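Listing of target_23.cif; format and content: mmCIF, C-alpha atoms.
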data_start
loop_
_atom_site.label_atom_id
_atom_site.label_comp_id
_atom_site.auth_asym_id
_atom_site.auth_seq_id
_atom_site.Cartn_x
_atom_site.Cartn_y
_atom_site.Cartn_z
CA MET A 5 -166.81 28.32 16.87
CA LEU A 6 -163.82 29.85 15.09
CA ARG A 7 -161.83 26.68 15.77
CA ASP A 8 -164.58 24.58 14.17
CA ILE A 9 -164.59 26.83 11.10
CA LEU A 10 -160.81 26.57 10.71
CA ARG A 11 -160.95 22.76 11.00
CA SER A 12 -163.83 22.36 8.56
CA LYS A 13 -163.54 20.92 5.05
CA PHE A 14 -164.67 24.29 3.72
CA ALA A 15 -161.69 26.02 5.37
CA ARG A 16 -159.28 23.38 4.07
CA ASN A 17 -160.56 23.83 0.51
CA VAL A 18 -160.27 27.60 0.82
CA ALA A 19 -156.71 27.16 2.06
CA ILE A 20 -155.82 24.99 -0.94
CA VAL A 21 -157.17 27.49 -3.46
CA ALA A 22 -155.75 30.44 -1.53
CA THR A 23 -152.30 28.84 -1.41
CA GLY A 24 -152.13 28.60 -5.19
CA THR A 25 -153.61 32.04 -5.66
CA ALA A 26 -151.26 33.48 -3.03
CA GLY A 27 -148.28 31.93 -4.77
CA ALA A 28 -149.39 33.42 -8.07
CA GLN A 29 -149.90 36.84 -6.51
CA VAL A 30 -146.54 36.75 -4.72
CA ILE A 31 -144.93 36.06 -8.09
CA GLY A 32 -146.86 38.98 -9.58
CA VAL A 33 -145.82 41.30 -6.74
CA ILE A 34 -142.16 40.32 -7.14
CA PHE A 35 -142.22 41.01 -10.88
CA THR A 36 -144.39 44.17 -10.86
CA PRO A 37 -141.67 46.65 -9.77
CA ILE A 38 -139.51 45.30 -12.61
CA VAL A 39 -142.32 45.42 -15.16
CA THR A 40 -143.34 48.98 -14.21
CA ARG A 41 -139.79 50.21 -14.72
CA ILE A 42 -139.56 48.49 -18.13
CA TYR A 43 -142.83 49.66 -19.66
CA GLY A 44 -144.08 52.83 -17.92
CA PRO A 45 -147.57 54.33 -17.49
CA GLU A 46 -148.39 54.73 -21.19
CA ALA A 47 -147.94 51.05 -22.02
CA PHE A 48 -149.99 50.11 -18.96
CA GLY A 49 -152.69 52.52 -20.10
CA VAL A 50 -152.95 50.88 -23.54
CA LEU A 51 -153.06 47.43 -21.93
CA GLY A 52 -155.72 48.64 -19.51
CA THR A 53 -157.88 49.99 -22.34
CA PHE A 54 -157.56 46.73 -24.29
CA THR A 55 -158.37 44.70 -21.17
CA ALA A 56 -161.37 46.90 -20.39
CA ILE A 57 -162.83 46.24 -23.86
CA LEU A 58 -162.07 42.53 -23.57
CA ASN A 59 -163.72 42.29 -20.15
CA ILE A 60 -166.89 43.80 -21.58
CA LEU A 61 -166.99 41.38 -24.53
CA THR A 62 -165.87 38.16 -22.81
CA PRO A 63 -169.12 37.39 -20.90
CA MET A 64 -170.95 37.34 -24.24
CA ALA A 65 -168.59 34.67 -25.65
CA ALA A 66 -170.47 31.75 -24.07
CA LEU A 67 -173.41 33.63 -22.52
CA SER A 68 -172.18 32.69 -19.02
CA TYR A 69 -173.18 29.04 -19.48
CA PRO A 70 -169.82 27.77 -18.10
CA ILE A 71 -170.97 29.01 -14.67
CA ALA A 72 -174.01 26.73 -14.90
CA THR A 73 -171.73 23.67 -15.13
CA VAL A 74 -171.73 23.40 -11.33
CA LEU A 75 -175.52 23.14 -11.03
CA PRO A 76 -176.69 19.90 -12.76
CA GLU A 77 -176.83 16.79 -10.57
CA ARG A 78 -175.55 14.53 -13.39
CA ASP A 79 -172.08 14.85 -14.89
CA GLU A 80 -173.55 14.03 -18.30
CA ASP A 81 -175.60 17.22 -18.24
CA ALA A 82 -172.57 19.25 -17.15
CA GLU A 83 -170.60 17.81 -20.07
CA VAL A 84 -173.28 18.90 -22.52
CA LEU A 85 -173.17 22.42 -21.07
CA ILE A 86 -169.40 22.50 -21.63
CA GLN A 87 -169.86 21.40 -25.25
CA ALA A 88 -172.50 24.07 -25.78
CA SER A 89 -170.25 26.72 -24.20
CA VAL A 90 -167.37 25.92 -26.55
CA ILE A 91 -169.67 25.98 -29.61
CA LEU A 92 -171.11 29.34 -28.53
CA ALA A 93 -167.59 30.68 -27.96
CA VAL A 94 -166.47 29.72 -31.47
CA ALA A 95 -169.56 31.31 -33.02
CA THR A 96 -169.20 34.49 -30.97
CA ALA A 97 -165.49 34.82 -31.75
CA LEU A 98 -166.16 34.49 -35.47
CA LEU A 99 -168.98 37.04 -35.29
CA THR A 100 -166.77 39.48 -33.37
CA ALA A 101 -163.98 39.07 -35.92
CA LEU A 102 -166.43 39.79 -38.75
CA ILE A 103 -167.77 42.92 -37.01
CA LEU A 104 -164.25 44.22 -36.41
CA TRP A 105 -163.26 43.53 -40.02
CA VAL A 106 -166.25 45.44 -41.41
CA PHE A 107 -166.73 48.21 -38.84
CA LYS A 108 -163.34 48.69 -37.19
CA ALA A 109 -162.71 52.18 -38.56
CA PRO A 110 -166.04 53.72 -37.47
CA LEU A 111 -165.87 51.98 -34.08
CA VAL A 112 -162.38 53.34 -33.47
CA ASN A 113 -163.49 56.87 -34.37
CA ILE A 114 -166.71 56.80 -32.37
CA PHE A 115 -165.13 55.47 -29.16
CA ASN A 116 -161.73 57.17 -29.63
CA LEU A 117 -159.80 53.88 -29.62
CA GLN A 118 -156.85 54.93 -31.74
CA GLY A 119 -154.40 53.81 -29.06
CA VAL A 120 -155.57 50.19 -29.16
CA GLU A 121 -156.59 49.97 -32.83
CA PRO A 122 -153.62 47.75 -33.88
CA TYR A 123 -154.53 45.19 -31.20
CA LEU A 124 -158.29 44.87 -31.79
CA PRO A 125 -157.90 41.74 -34.00
CA LEU A 126 -156.68 39.90 -30.88
CA LEU A 127 -160.05 40.40 -29.14
CA PRO A 128 -161.89 37.40 -30.71
CA LEU A 129 -159.03 35.03 -29.89
CA SER A 130 -158.77 36.32 -26.32
CA MET A 131 -162.53 35.87 -25.88
CA PHE A 132 -162.30 32.22 -26.94
CA PHE A 133 -159.29 31.61 -24.69
CA SER A 134 -161.26 32.99 -21.75
CA VAL A 135 -164.03 30.47 -22.34
CA LEU A 136 -161.47 27.64 -22.21
CA VAL A 137 -160.46 28.91 -18.77
CA ALA A 138 -164.07 29.32 -17.61
CA THR A 139 -165.20 25.83 -18.66
CA ALA A 140 -162.19 24.16 -17.06
CA THR A 141 -162.50 26.23 -13.87
CA ASN A 142 -166.15 25.40 -13.33
CA TRP A 143 -165.60 21.70 -14.07
CA ILE A 144 -162.91 21.78 -11.38
CA LEU A 145 -165.30 23.51 -8.96
CA ARG A 146 -167.95 20.89 -9.67
CA HIS A 147 -165.59 18.07 -8.69
CA LYS A 148 -163.77 20.06 -5.98
CA GLN A 149 -160.35 19.44 -7.60
CA PHE A 150 -158.99 22.59 -6.01
CA LYS A 151 -155.34 21.49 -6.05
CA ILE A 152 -155.35 21.79 -9.84
CA THR A 153 -156.43 25.41 -9.67
CA ALA A 154 -153.71 26.15 -7.13
CA SER A 155 -150.80 24.63 -9.05
CA VAL A 156 -151.85 26.03 -12.43
CA ALA A 157 -152.22 29.54 -10.99
CA ILE A 158 -148.60 29.49 -9.81
CA TRP A 159 -147.14 28.19 -13.09
CA GLN A 160 -149.23 30.54 -15.19
CA ALA A 161 -148.13 33.57 -13.15
CA LEU A 162 -144.46 32.60 -13.29
CA LEU A 163 -144.35 31.96 -17.03
CA SER A 164 -146.39 35.01 -18.04
CA ASN A 165 -144.38 37.41 -15.89
CA LEU A 166 -141.10 35.98 -17.12
CA ALA A 167 -142.29 36.56 -20.67
CA LYS A 168 -143.19 40.18 -19.91
CA VAL A 169 -139.74 40.85 -18.50
CA LEU A 170 -137.63 38.91 -21.00
CA VAL A 171 -139.44 40.18 -24.08
CA GLY A 172 -139.82 43.65 -22.59
CA VAL A 173 -136.07 44.07 -22.27
CA PHE A 174 -135.90 44.12 -26.07
CA TYR A 175 -139.43 45.39 -26.90
CA PRO A 176 -140.74 47.56 -24.02
CA LEU A 177 -143.99 48.23 -25.87
CA ALA A 178 -147.69 48.00 -25.13
CA SER A 179 -147.94 45.34 -27.83
CA THR A 180 -145.70 43.06 -25.77
CA LEU A 181 -147.97 43.34 -22.73
CA ILE A 182 -151.11 42.69 -24.78
CA VAL A 183 -149.75 39.70 -26.72
CA VAL A 184 -148.27 38.09 -23.60
CA SER A 185 -151.53 38.59 -21.68
CA SER A 186 -153.56 36.97 -24.47
CA LEU A 187 -151.23 34.00 -24.76
CA ALA A 188 -151.19 33.65 -20.97
CA THR A 189 -154.97 33.12 -21.02
CA LEU A 190 -154.59 30.36 -23.61
CA MET A 191 -151.85 28.77 -21.53
CA HIS A 192 -154.01 28.99 -18.41
CA GLY A 193 -156.93 27.17 -20.03
CA SER A 194 -154.70 24.50 -21.57
CA MET A 195 -152.95 23.80 -18.27
CA LEU A 196 -156.25 23.52 -16.39
CA TRP A 197 -157.71 20.98 -18.84
CA ARG A 198 -154.46 19.03 -18.86
CA GLY A 199 -154.45 18.98 -15.06
CA ILE A 200 -158.00 17.61 -14.83
CA GLY A 201 -156.70 14.39 -16.39
CA LYS A 202 -158.83 11.31 -15.71
CA ARG A 203 -161.81 13.35 -14.56
CA LYS A 204 -162.16 15.15 -17.89
CA PRO A 205 -165.67 15.10 -19.35
CA ALA A 206 -166.06 11.84 -21.27
CA SER A 207 -167.07 13.74 -24.40
CA LEU A 208 -163.63 15.40 -24.44
CA VAL A 209 -161.59 12.21 -24.26
CA LYS A 210 -163.65 9.72 -26.25
CA LYS A 211 -166.61 9.63 -28.60
CA SER A 212 -169.98 9.83 -26.95
CA GLY A 213 -172.48 7.03 -27.48
CA THR A 214 -175.25 9.49 -28.28
CA SER A 215 -176.12 10.49 -31.82
CA LEU A 216 -175.59 14.00 -33.14
CA GLY A 217 -179.31 14.68 -33.18
CA GLU A 218 -179.77 13.49 -29.62
CA ASN A 219 -176.78 15.54 -28.49
CA ILE A 220 -178.26 18.68 -30.07
CA ARG A 221 -181.58 18.02 -28.34
CA GLN A 222 -179.80 17.65 -25.00
CA MET A 223 -177.97 20.92 -25.57
CA ARG A 224 -181.19 22.69 -26.42
CA THR A 225 -182.94 21.31 -23.33
CA LEU A 226 -180.12 22.29 -20.97
CA LEU A 227 -179.60 25.71 -22.53
CA LEU A 228 -183.29 26.45 -22.07
CA ARG A 229 -183.28 25.07 -18.53
CA HIS A 230 -180.45 27.41 -17.58
CA LYS A 231 -181.52 30.29 -19.80
CA ASP A 232 -181.36 32.71 -16.88
CA PHE A 233 -177.57 32.69 -17.28
CA ALA A 234 -177.93 33.97 -20.85
CA LEU A 235 -180.87 36.28 -20.21
CA PHE A 236 -179.84 37.75 -16.85
CA ARG A 237 -176.36 36.75 -15.72
CA THR A 238 -174.62 37.66 -18.99
CA PRO A 239 -176.10 41.17 -19.25
CA GLN A 240 -175.40 41.62 -15.53
CA ILE A 241 -171.73 40.73 -15.94
CA VAL A 242 -171.45 42.94 -19.03
CA VAL A 243 -173.04 45.87 -17.21
CA ASN A 244 -170.74 45.28 -14.23
CA CYS A 245 -167.69 45.22 -16.50
CA VAL A 246 -168.81 48.40 -18.23
CA GLY A 247 -169.15 50.00 -14.80
CA GLN A 248 -165.69 48.91 -13.71
CA SER A 249 -164.16 49.91 -17.04
CA LEU A 250 -165.67 53.39 -17.07
CA PRO A 251 -162.79 55.07 -15.20
CA VAL A 252 -160.17 53.49 -17.48
CA LEU A 253 -161.98 54.46 -20.66
CA MET A 254 -162.85 57.93 -19.38
CA ILE A 255 -159.34 58.76 -18.17
CA ALA A 256 -157.79 57.44 -21.38
CA ASN A 257 -160.23 59.52 -23.41
CA LEU A 258 -159.82 62.74 -21.42
CA PHE A 259 -156.19 62.61 -20.33
CA GLY A 260 -154.44 60.04 -22.55
CA PRO A 261 -152.94 56.55 -22.05
CA ALA A 262 -150.35 57.62 -19.46
CA ALA A 263 -153.03 58.91 -17.08
CA ALA A 264 -155.03 55.72 -17.62
CA GLY A 265 -151.94 53.72 -16.70
CA LEU A 266 -151.79 55.56 -13.37
CA TYR A 267 -155.24 54.15 -12.67
CA VAL A 268 -154.60 50.65 -14.04
CA LEU A 269 -151.62 49.91 -11.79
CA PRO A 270 -153.36 50.51 -8.42
CA LYS A 271 -156.43 48.68 -9.71
CA THR A 272 -154.21 45.71 -10.47
CA ILE A 273 -152.31 45.85 -7.18
CA LEU A 274 -155.36 46.45 -4.99
CA GLY A 275 -157.13 43.59 -6.74
CA LEU A 276 -154.58 41.10 -5.39
CA PRO A 277 -156.26 40.53 -1.99
CA THR A 278 -159.60 40.24 -3.77
CA ILE A 279 -158.18 37.57 -6.06
CA LEU A 280 -156.34 35.86 -3.21
CA LEU A 281 -159.13 35.74 -0.65
CA GLY A 282 -162.31 36.65 -2.49
CA LYS A 283 -161.93 34.28 -5.42
CA SER A 284 -160.68 31.46 -3.20
CA VAL A 285 -163.64 31.82 -0.86
CA SER A 286 -166.23 32.21 -3.62
CA ASP A 287 -164.86 29.22 -5.58
CA VAL A 288 -165.33 27.00 -2.53
CA PHE A 289 -168.41 28.82 -1.22
CA TYR A 290 -170.45 28.54 -4.45
CA PRO A 291 -170.80 24.71 -4.62
CA GLN A 292 -171.20 24.47 -0.83
CA PHE A 293 -173.92 27.13 -0.85
CA VAL A 294 -175.73 25.24 -3.63
CA GLU A 295 -175.69 22.11 -1.46
CA THR A 296 -176.94 24.11 1.53
CA ILE A 297 -179.87 25.40 -0.51
CA ARG A 298 -180.69 21.91 -1.78
CA ASN A 299 -180.71 20.54 1.76
CA GLY A 300 -182.76 23.40 3.19
CA GLY A 301 -179.88 24.62 5.38
CA ARG A 302 -179.42 28.02 7.02
CA ALA A 303 -178.30 29.92 3.95
CA GLY A 304 -178.51 33.39 5.47
CA LYS A 305 -176.33 32.52 8.45
CA ILE A 306 -173.60 31.02 6.26
CA LEU A 307 -173.70 34.09 4.02
CA MET A 308 -173.38 36.56 6.91
CA LYS A 309 -170.50 34.63 8.46
CA ALA A 310 -168.52 34.53 5.21
CA CYS A 311 -169.07 38.24 4.53
CA GLY A 312 -168.15 39.23 8.09
CA VAL A 313 -164.85 37.37 8.03
CA LEU A 314 -163.92 38.83 4.64
CA LEU A 315 -164.83 42.37 5.78
CA LEU A 316 -162.42 42.15 8.71
CA LEU A 317 -159.68 40.78 6.48
CA ALA A 318 -160.31 43.47 3.86
CA VAL A 319 -160.04 46.34 6.33
CA GLY A 320 -156.77 44.92 7.62
CA ALA A 321 -155.38 44.41 4.13
CA TYR A 322 -156.21 47.86 2.73
CA SER A 323 -155.69 50.15 5.74
CA ILE A 324 -151.97 50.52 4.95
CA VAL A 325 -152.78 51.74 1.43
CA ILE A 326 -155.28 54.27 2.75
CA LEU A 327 -152.68 55.67 5.14
CA PHE A 328 -149.50 55.53 3.05
CA GLY A 329 -150.55 54.92 -0.58
CA PRO A 330 -148.61 57.66 -2.44
CA TRP A 331 -145.31 57.02 -0.67
CA LEU A 332 -145.61 53.25 -1.04
CA PHE A 333 -146.26 53.43 -4.77
CA ALA A 334 -143.40 55.86 -5.38
CA TRP A 335 -140.98 53.73 -3.37
CA VAL A 336 -141.95 50.35 -4.81
CA PHE A 337 -142.74 51.20 -8.44
CA GLY A 338 -140.77 54.39 -9.07
CA GLU A 339 -141.37 58.12 -8.65
CA GLN A 340 -143.43 58.27 -11.86
CA TRP A 341 -146.14 56.26 -10.02
CA LEU A 342 -146.63 58.67 -7.08
CA THR A 343 -150.01 59.87 -8.40
CA ALA A 344 -151.13 56.25 -8.72
CA GLY A 345 -150.79 56.03 -4.95
CA GLU A 346 -153.27 58.92 -4.55
CA TYR A 347 -155.74 56.98 -6.68
CA ALA A 348 -155.09 53.89 -4.59
CA ARG A 349 -156.21 55.59 -1.36
CA TRP A 350 -159.73 56.09 -2.67
CA MET A 351 -159.86 52.84 -4.58
CA ALA A 352 -159.00 50.91 -1.40
CA LEU A 353 -162.46 51.75 -0.03
CA TRP A 354 -164.03 50.28 -3.17
CA PHE A 355 -161.97 47.09 -2.92
CA ILE A 356 -162.89 46.60 0.73
CA ALA A 357 -166.52 46.47 -0.38
CA VAL A 358 -165.67 44.19 -3.33
CA LEU A 359 -163.83 41.68 -1.16
CA ALA A 360 -166.43 41.60 1.60
CA SER A 361 -169.27 40.99 -0.87
CA ARG A 362 -167.73 38.10 -2.83
CA PRO A 363 -169.92 35.47 -1.09
CA ILE A 364 -172.94 37.64 -1.91
CA ILE A 365 -172.15 37.53 -5.63
CA ALA A 366 -171.48 33.79 -5.49
CA ALA A 367 -174.84 33.13 -3.78
CA ILE A 368 -177.00 34.98 -6.32
CA PRO A 369 -177.42 32.14 -8.89
CA ALA A 370 -178.36 29.64 -6.18
CA LEU A 371 -181.01 32.06 -4.83
CA SER A 372 -182.52 32.57 -8.32
CA MET A 373 -181.86 36.31 -8.11
CA GLN A 374 -180.14 36.86 -11.43
CA GLY A 375 -182.98 38.95 -12.85
CA LEU A 376 -182.94 41.26 -9.84
CA PHE A 377 -179.15 41.33 -9.95
CA LEU A 378 -179.29 42.56 -13.54
CA VAL A 379 -181.58 45.41 -12.49
CA PHE A 380 -179.18 46.22 -9.66
CA GLU A 381 -176.19 46.29 -12.02
CA CYS A 382 -177.99 48.60 -14.46
CA CYS A 383 -178.83 51.02 -11.65
CA THR A 384 -175.28 50.79 -10.33
CA LEU A 385 -173.85 51.53 -13.78
CA ALA A 386 -175.97 54.67 -14.03
CA LEU A 387 -174.89 55.81 -10.55
CA ARG A 388 -171.22 55.14 -11.31
CA ALA A 389 -171.39 57.04 -14.59
CA LEU A 390 -173.04 59.96 -12.81
CA ALA A 391 -170.45 59.85 -10.04
CA ILE A 392 -167.57 59.94 -12.52
CA TYR A 393 -169.12 62.87 -14.37
CA LEU A 394 -169.85 64.86 -11.21
CA GLY A 395 -166.43 64.08 -9.75
CA TYR A 396 -164.71 65.34 -12.87
CA LEU A 397 -167.10 68.32 -13.18
CA PHE A 398 -166.51 69.60 -9.66
CA THR A 399 -162.80 68.80 -9.30
CA GLN A 400 -161.61 68.99 -12.94
CA SER A 401 -159.32 66.06 -12.22
CA ALA A 402 -159.20 62.34 -12.82
CA LEU A 403 -158.54 61.83 -9.09
CA GLY A 404 -161.88 63.46 -8.26
CA ALA A 405 -163.67 61.15 -10.69
CA VAL A 406 -161.96 58.07 -9.20
CA ALA A 407 -162.88 59.16 -5.66
CA ALA A 408 -166.54 59.65 -6.54
CA PHE A 409 -166.64 56.33 -8.39
CA SER A 410 -165.17 54.51 -5.39
CA LEU A 411 -167.56 56.02 -2.84
CA VAL A 412 -170.64 55.20 -4.92
CA SER A 413 -169.37 51.64 -5.36
CA VAL A 414 -169.09 51.19 -1.58
CA VAL A 415 -172.69 52.32 -1.05
CA THR A 416 -174.10 50.08 -3.79
CA PHE A 417 -172.23 46.96 -2.61
CA ALA A 418 -173.45 47.53 0.95
CA GLY A 419 -177.04 47.81 -0.25
CA LEU A 420 -176.76 44.66 -2.36
CA SER A 421 -175.31 42.67 0.55
CA CYS A 422 -178.16 43.58 2.88
CA PHE A 423 -180.77 42.70 0.26
CA VAL A 424 -179.27 39.29 -0.64
CA ILE A 425 -178.83 38.25 3.00
CA ARG A 426 -182.49 39.06 3.69
CA ARG A 427 -183.48 37.04 0.64
CA ALA A 428 -181.33 34.10 1.80
CA ASN A 429 -183.07 34.08 5.18
CA ARG A 430 -186.51 34.05 3.55
CA TYR A 431 -185.36 31.39 1.07
CA LYS A 432 -184.88 28.90 3.92
CA THR A 433 -188.36 29.62 5.22
CA VAL A 434 -189.88 28.95 1.80
CA ALA A 435 -187.95 25.68 1.52
CA ASP A 436 -189.18 24.54 4.92
CA MET A 437 -192.77 25.37 3.98
CA GLY A 438 -192.33 23.27 0.83
CA ASN A 439 -191.29 20.33 2.97
#
Transcribe the structure of this file into structure tokens.
Amino acid sequence: MLRDILRSKFARNVAIVATGTAGAQVIGVIFTPIVTRIYGPEAFGVLGTFTAILNILTPMAALSYPIATVLPERDEDAEVLIQASVILAVATALLTALILWVFKAPLVNIFNLQGVEPYLPLLPLSMFFSVLVATATNWILRHKQFKITASVAIWQALLSNLAKVLVGVFYPLASTLIVVSSLATLMHGSMLWRGIGKRKPASLVKKSGTSLGENIRQMRTLLLRHKDFALFRTPQIVVNCVGQSLPVLMIANLFGPAAAGLYVLPKTILGLPTILLGKSVSDVFYPQFVETIRNGGRAGKILMKACGVLLLLAVGAYSIVILFGPWLFAWVFGEQWLTAGEYARWMALWFIAVLASRPIIAAIPALSMQGLFLVFECCTLALRALAIYLGYLFTQSALGAVAAFSLVSVVTFAGLSCFVIRRANRYKTVADMGN
């Protein structure tokens, strides 16, 4: 059975995406020890705070409609969804810029954002750049052009890391990291759309034959048809991002940017296997799972198999960090990062759960569970916030808060996985009854 899986088209597609992602991550790993010695924990902490805010705002830029691009049977409908996503992104970016212009001072004071205040005007632009990446990525997933994703990932990683090092030699500041990261997102989106080439949406390469009024009606129809992405998936992603950003924002608030940087580095490093394997699998798994649901296939069995394989790989990947985290971080990144290795030990448990549950997250839209997923994320956010508070209260340390956060995350991901797999098994039964 394992041989059949390895020879399948699914495995080949995963290998293509993973190869590009692996190349990008290898480049990142090679450059990280250089970058950490140039900038230091404080600069990483400011970047982490900026990124945490951006991650919370980005899902609202296009209300998650780029994800829906994979679902329509006709390319014409997918094109309209892309157009609508770009229009929403422009409107949201302008609205965000206006809010920051009018209310920046009170927002900075209320949320204690003095460290990132000079960089807040970059948020609207970065939000729009992220939508360019999302629309291109999901168009690629729709047409299974996985080689584009692989090659662009490598070039984007190489160019962005070179910029961090070369500019950082002269300006080893947090501003350098933030500006380079924002421009790297723009470059990523531009390279993806350029790589799509002949299979670009027709509306992006030539004038559509439909009138403006008809195009607006099509947008309205499709936006309403996929409104669950705006009503449920977007709040869910925002809540999830708030939950993941809580430790960064809390540590920065209580202990300063340097302490936050000690958390940001292991989060970045430990996220590499999740990006390498989890994203590659979910990118290929999502369209295949949609087809399985359409054809009344055994959705639950496919889901369990994907999660089981990823769980084994995750345990193997993170066990070294659990055993030797502090010494590894001090040796690779410098003695000033020894404490980051202590954080990494606890965070490794969290990332094992994250990696193993990637197919679960990918399957949720196809199973029409986005409303329930939003409820789950809200409950998880409350539990994570409570865990961080109790961890800090009882240990009086950021490490205690990170440990509590990680353990609660493991429990919640395990519960979600069991629930979604049960729903997938029942979903097949309902489909069969309908036939």
All residues 7 Å or closer to stretch 44-57 of chain A, only C-alpha atoms, same chain fewer than 5 positions away omitted, as a ChimeraX atom specification:
/A:119-120,177-178,181-182,249,252-253,261-262,264-266,268
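Atom to atom, atom CA of A:Thr62 and atom CA of A:His192 stand 15.6 Å apart.
Each of A:Leu315, A:Ala310, A:Val246, A:Val325 was compared to A:Ala389 using all atoms listed in the file, and A:Val246 turns out to be the nearest.
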Evaluate the PyMOL selection byres ((chain A and resi 137) around 8) on the structure here and hand back the selected residues as an MDAnalysis selection string.
chainID A and resid 133:136 138:141 189:190 192:194 196
Next, dump the selected residues to file, keeping only C-alpha atoms, as a PDB file, in the frame of the given file.
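Below is the file that was written, selection_32.pdb:
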ATOM      1  CA  PHE A 133    -159.290  31.610 -24.690  1.00  0.00           C
ATOM      2  CA  SER A 134    -161.260  32.990 -21.750  1.00  0.00           C
ATOM      3  CA  VAL A 135    -164.030  30.470 -22.340  1.00  0.00           C
ATOM      4  CA  LEU A 136    -161.470  27.640 -22.210  1.00  0.00           C
ATOM      5  CA  ALA A 138    -164.070  29.320 -17.610  1.00  0.00           C
ATOM      6  CA  THR A 139    -165.200  25.830 -18.660  1.00  0.00           C
ATOM      7  CA  ALA A 140    -162.190  24.160 -17.060  1.00  0.00           C
ATOM      8  CA  THR A 141    -162.500  26.230 -13.870  1.00  0.00           C
ATOM      9  CA  THR A 189    -154.970  33.120 -21.020  1.00  0.00           C
ATOM     10  CA  LEU A 190    -154.590  30.360 -23.610  1.00  0.00           C
ATOM     11  CA  HIS A 192    -154.010  28.990 -18.410  1.00  0.00           C
ATOM     12  CA  GLY A 193    -156.930  27.170 -20.030  1.00  0.00           C
ATOM     13  CA  SER A 194    -154.700  24.500 -21.570  1.00  0.00           C
ATOM     14  CA  LEU A 196    -156.250  23.520 -16.390  1.00  0.00           C
TER      15      LEU A 196
END
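Nearest to A:Pro369 of all the residues A:Thr40, A:Thr384, A:Gln240, A:Ser185 is A:Gln240, counting only C-alpha atoms.
Checking A:Asp81, A:Leu387, A:Ala101, A:Ile273 one by one against A:Thr225, counting only C-alpha atoms, you find the shortest gap at A:Asp81.
Between atom CA of A:Gln160 and atom CA of A:Ala28 the separation is 7.7 Å.
Pairwise distance (atom CA of A:Trp197, atom CA of A:Leu359) equals 27.9 Å.
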(-139.3, 46.8, -23.7) in this file's frame - what residues fall within 12 Å of it? Use only C-alpha atoms and give the answer as a VMD selection string.
chain A and resid 38 to 44 47 167 to 181
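Each of A:Ala357, A:Ala256, A:Ile31, A:Ile364 was checked against A:Leu117 using all atoms listed in the file; the smallest atom-to-atom distance is that of A:Ala256.
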Residue list as a PyMOL selection string for point (-177.0, 35.7, -6.6), cut-off 10 Å, all atoms listed in the file
chain A and resi 237+290+363-377+420+424+427-428
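Distances here use all atoms listed in the file; by that measure, the residue among A:Val412, A:Leu67, A:Ala348, A:Leu258 closest to A:Tyr396 is A:Leu258.
Here the PyMOL selection byres ((chain A and resi 347) around 10) matches the residues Leu266, Tyr267, Val268, Leu269, Pro270, Lys271, Ile326, Gly329, Pro330, Leu342, Thr343, Ala344, Gly345, Glu346, Ala348, Arg349, Trp350, Met351, Ala352, Ala402, Leu403, Gly404, Ala405, Val406, Ala407 and Ser410 of chain A.
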May I have the selected residues written with C-alpha atoms, as a compact mmCIF listing (two decimals), in the frame of the given file?
# COMPACT_ATOMS: atom_id res chain seq x y z
CA LEU A 266 -151.79 55.56 -13.37
CA TYR A 267 -155.24 54.15 -12.67
CA VAL A 268 -154.60 50.65 -14.04
CA LEU A 269 -151.62 49.91 -11.79
CA PRO A 270 -153.36 50.51 -8.42
CA LYS A 271 -156.43 48.68 -9.71
CA ILE A 326 -155.28 54.27 2.75
CA GLY A 329 -150.55 54.92 -0.58
CA PRO A 330 -148.61 57.66 -2.44
CA LEU A 342 -146.63 58.67 -7.08
CA THR A 343 -150.01 59.87 -8.40
CA ALA A 344 -151.13 56.25 -8.72
CA GLY A 345 -150.79 56.03 -4.95
CA GLU A 346 -153.27 58.92 -4.55
CA ALA A 348 -155.09 53.89 -4.59
CA ARG A 349 -156.21 55.59 -1.36
CA TRP A 350 -159.73 56.09 -2.67
CA MET A 351 -159.86 52.84 -4.58
CA ALA A 352 -159.00 50.91 -1.40
CA ALA A 402 -159.20 62.34 -12.82
CA LEU A 403 -158.54 61.83 -9.09
CA GLY A 404 -161.88 63.46 -8.26
CA ALA A 405 -163.67 61.15 -10.69
CA VAL A 406 -161.96 58.07 -9.20
CA ALA A 407 -162.88 59.16 -5.66
CA SER A 410 -165.17 54.51 -5.39
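The nearest approach to A:Cys422 among the residues A:Gly304, A:Pro63, A:Gly395, A:Gly320, with only C-alpha atoms taken into account, belongs to A:Gly304.
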Just the residues within 10 Å of A:Asp79, please, counting all atoms listed in the file, with nothing from its chain fewer than 2 positions along; format it as a ChimeraX atom specification.
/A:73-77,81-85,143,146-147,205-206
Write the selection just made, keeping C-alpha atoms, as a tab-separated table (two decimals), in the frame of the given file?
chain	number	residue	atom	x	y	z
A	73	THR	CA	-171.73	23.67	-15.13
A	74	VAL	CA	-171.73	23.40	-11.33
A	75	LEU	CA	-175.52	23.14	-11.03
A	76	PRO	CA	-176.69	19.90	-12.76
A	77	GLU	CA	-176.83	16.79	-10.57
A	81	ASP	CA	-175.60	17.22	-18.24
A	82	ALA	CA	-172.57	19.25	-17.15
A	83	GLU	CA	-170.60	17.81	-20.07
A	84	VAL	CA	-173.28	18.90	-22.52
A	85	LEU	CA	-173.17	22.42	-21.07
A	143	TRP	CA	-165.60	21.70	-14.07
A	146	ARG	CA	-167.95	20.89	-9.67
A	147	HIS	CA	-165.59	18.07	-8.69
A	205	PRO	CA	-165.67	15.10	-19.35
A	206	ALA	CA	-166.06	11.84	-21.27
